[in-house]
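S.K.: A single structure is presented below for examination.
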Amino acid sequence: MEFLKDGVNDWIDEYGASIENYCHFALKVVKVVVDEIGADRVGMRLSPFSDHYEAEDSSPEALGLYMTESLNKFRVLYCHMVEPRIGIDRDIIRDCSHSLFTMRKAFNGTFIVARGYTRDDRNKVVLEDRADLVAFGRLFLANPVLPKRFEFNAPLNKYSRATFYTSNPVISYTDYPFLNSIA
Ligand SMILES: Cc1cc2nc3c(=O)[nH]c(=O)nc-3n(C[C@H](O)[C@H](O)[C@H](O)COP(=O)(O)O)c2cc1C
């Protein structure tokens, strides 16, 4: 993302100063990988709206659209977009239901979205044809057999943010209760 975003890319050569140049490096990588293993095995995850580590962009929609249209030329399998659904308080979800609409419409492959989705949100976004698939991060981490839980609309464990980036796997990633141990 350092190359893609105009907030942090200060190159003045073929890798900077215009949206085409910001995307040049990423697309070069896509080409090499596609040539090596085939487009049907390649996907890309993009977060045009993210401002992590000050890597923000002044025109995230244009950036996302340029990348999706460029990815079409390589016929890659999927494009996975992270939505701007989370505000300063990372547990509060904002409504931004149309933020990815132009990118979704433009992309010819499988379009995946992520960030802050619940089971019901997932159903809605797929039914409304705003995505083909929804990816889950925190819910997956905190809920062994998440698809099964969704299938039965079973209760979900709450994730523990305090243990997200700890180095001890036992006290974070492997000790969330299994479905059959929920009362
Ligand atoms: C512990 C943790 C580590 C993550 N690491 C990465 C990462 O390395 N790369 C990335 O693109 N996203 C990473 N994410 C973001 C997730 O892939 C996902 O986009 C984010 O959690 C939003 O989806 P969610 O609301 O379903 O959790 C991480 C998230 C968590 C909670």
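Letters for chains follow the order of the structure tokens (A, B, ...), residue numbers begin at 1 for each chain, and ligand numbers begin at 1 in the order shown.
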Within 8 Å of ligand 1, which residues show up when you count only C-alpha atoms and all ligand atoms? List them as a short mmCIF file (atom, residue, chain, number, x, y, z; two decimals) with C-alpha atoms, in the first residue's frame, please.
M.R.:
data_model
loop_
_atom_site.label_atom_id
_atom_site.label_comp_id
_atom_site.auth_asym_id
_atom_site.auth_seq_id
_atom_site.Cartn_x
_atom_site.Cartn_y
_atom_site.Cartn_z
CA ARG A 45 -6.68 -7.76 -1.41
CA LEU A 46 -6.94 -3.98 -1.38
CA SER A 47 -7.81 -1.44 1.30
CA VAL A 82 -11.69 -3.97 2.76
CA ALA A 114 -14.65 -7.51 4.50
CA ARG A 115 -14.81 -5.46 7.64
CA GLY A 116 -17.27 -5.46 10.43
CA TYR A 117 -19.71 -7.90 8.85
CA THR A 118 -22.19 -9.94 10.85
CA ALA A 135 -14.67 -12.51 4.49
CA PHE A 136 -14.59 -12.53 8.28
CA GLY A 137 -11.62 -11.76 10.49
CA ARG A 138 -12.36 -11.23 14.16
CA LEU A 139 -15.44 -13.45 14.26
CA PHE A 140 -13.50 -16.29 12.68
CA LEU A 141 -10.68 -15.84 15.13
CA ARG A 161 -9.07 -7.38 21.36
CA PHE A 164 -5.17 -10.09 19.11
CA TYR A 165 -1.47 -9.53 18.73
#
S.K.: Residues at most 7 Å from range 66-70 of chain A, counting only C-alpha atoms, excluding those fewer than 3 positions away in the same chain, as a list in words?
M.R.: Ala62, Leu63, Lys73, Met103, Ala106 and Phe107 of chain A
S.K.: Please measure the separation of CA of Ala26 in chain A and CA of Glu14 in chain A, giving the value in Å to one decimal.
M.R.: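 Between CA of Ala26 in chain A and CA of Glu14 in chain A the gap works out to 12.4 Å.
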S.K.: Which of these, A:Ile37, A:Leu179, A:Met81, A:Leu27, has the shortest distance to Phe152 in chain A once you count only C-alpha atoms?
M.R.: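 When distances to Phe152 in chain A are compared using only C-alpha atoms, the smallest one comes from A:Leu179.
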S.K.: Looking only at strand (DSSP E or B) from DSSP on the backbone, list the matching residues of chain A as a ChimeraX atom specification.
M.R.: /A:43-46,78-82,86,93,110-114,133-135
S.K.: Name the residues in contact with Asn180 in chain A at a cut-off of 12 Å, using only C-alpha atoms, excluding same-chain residues fewer than 5 positions from it; report them as a PyMOL selection string.
M.R.: chain A and resi 143-145+148-149+154-156
S.K.: May I ask for the distance between CA of Phe111 in chain A and CA of Asp40 in chain A, given in Å to one decimal place?
M.R.: 13.8 Å
S.K.: Using DSSP on the backbone coordinates, identify the residues of range 16-166 of chain A assigned to alpha helix (DSSP H); present them as an NGL selection string.
M.R.: :A and (19-37 or 60-74 or 101-106 or 119-127 or 138-142 or 146-151)
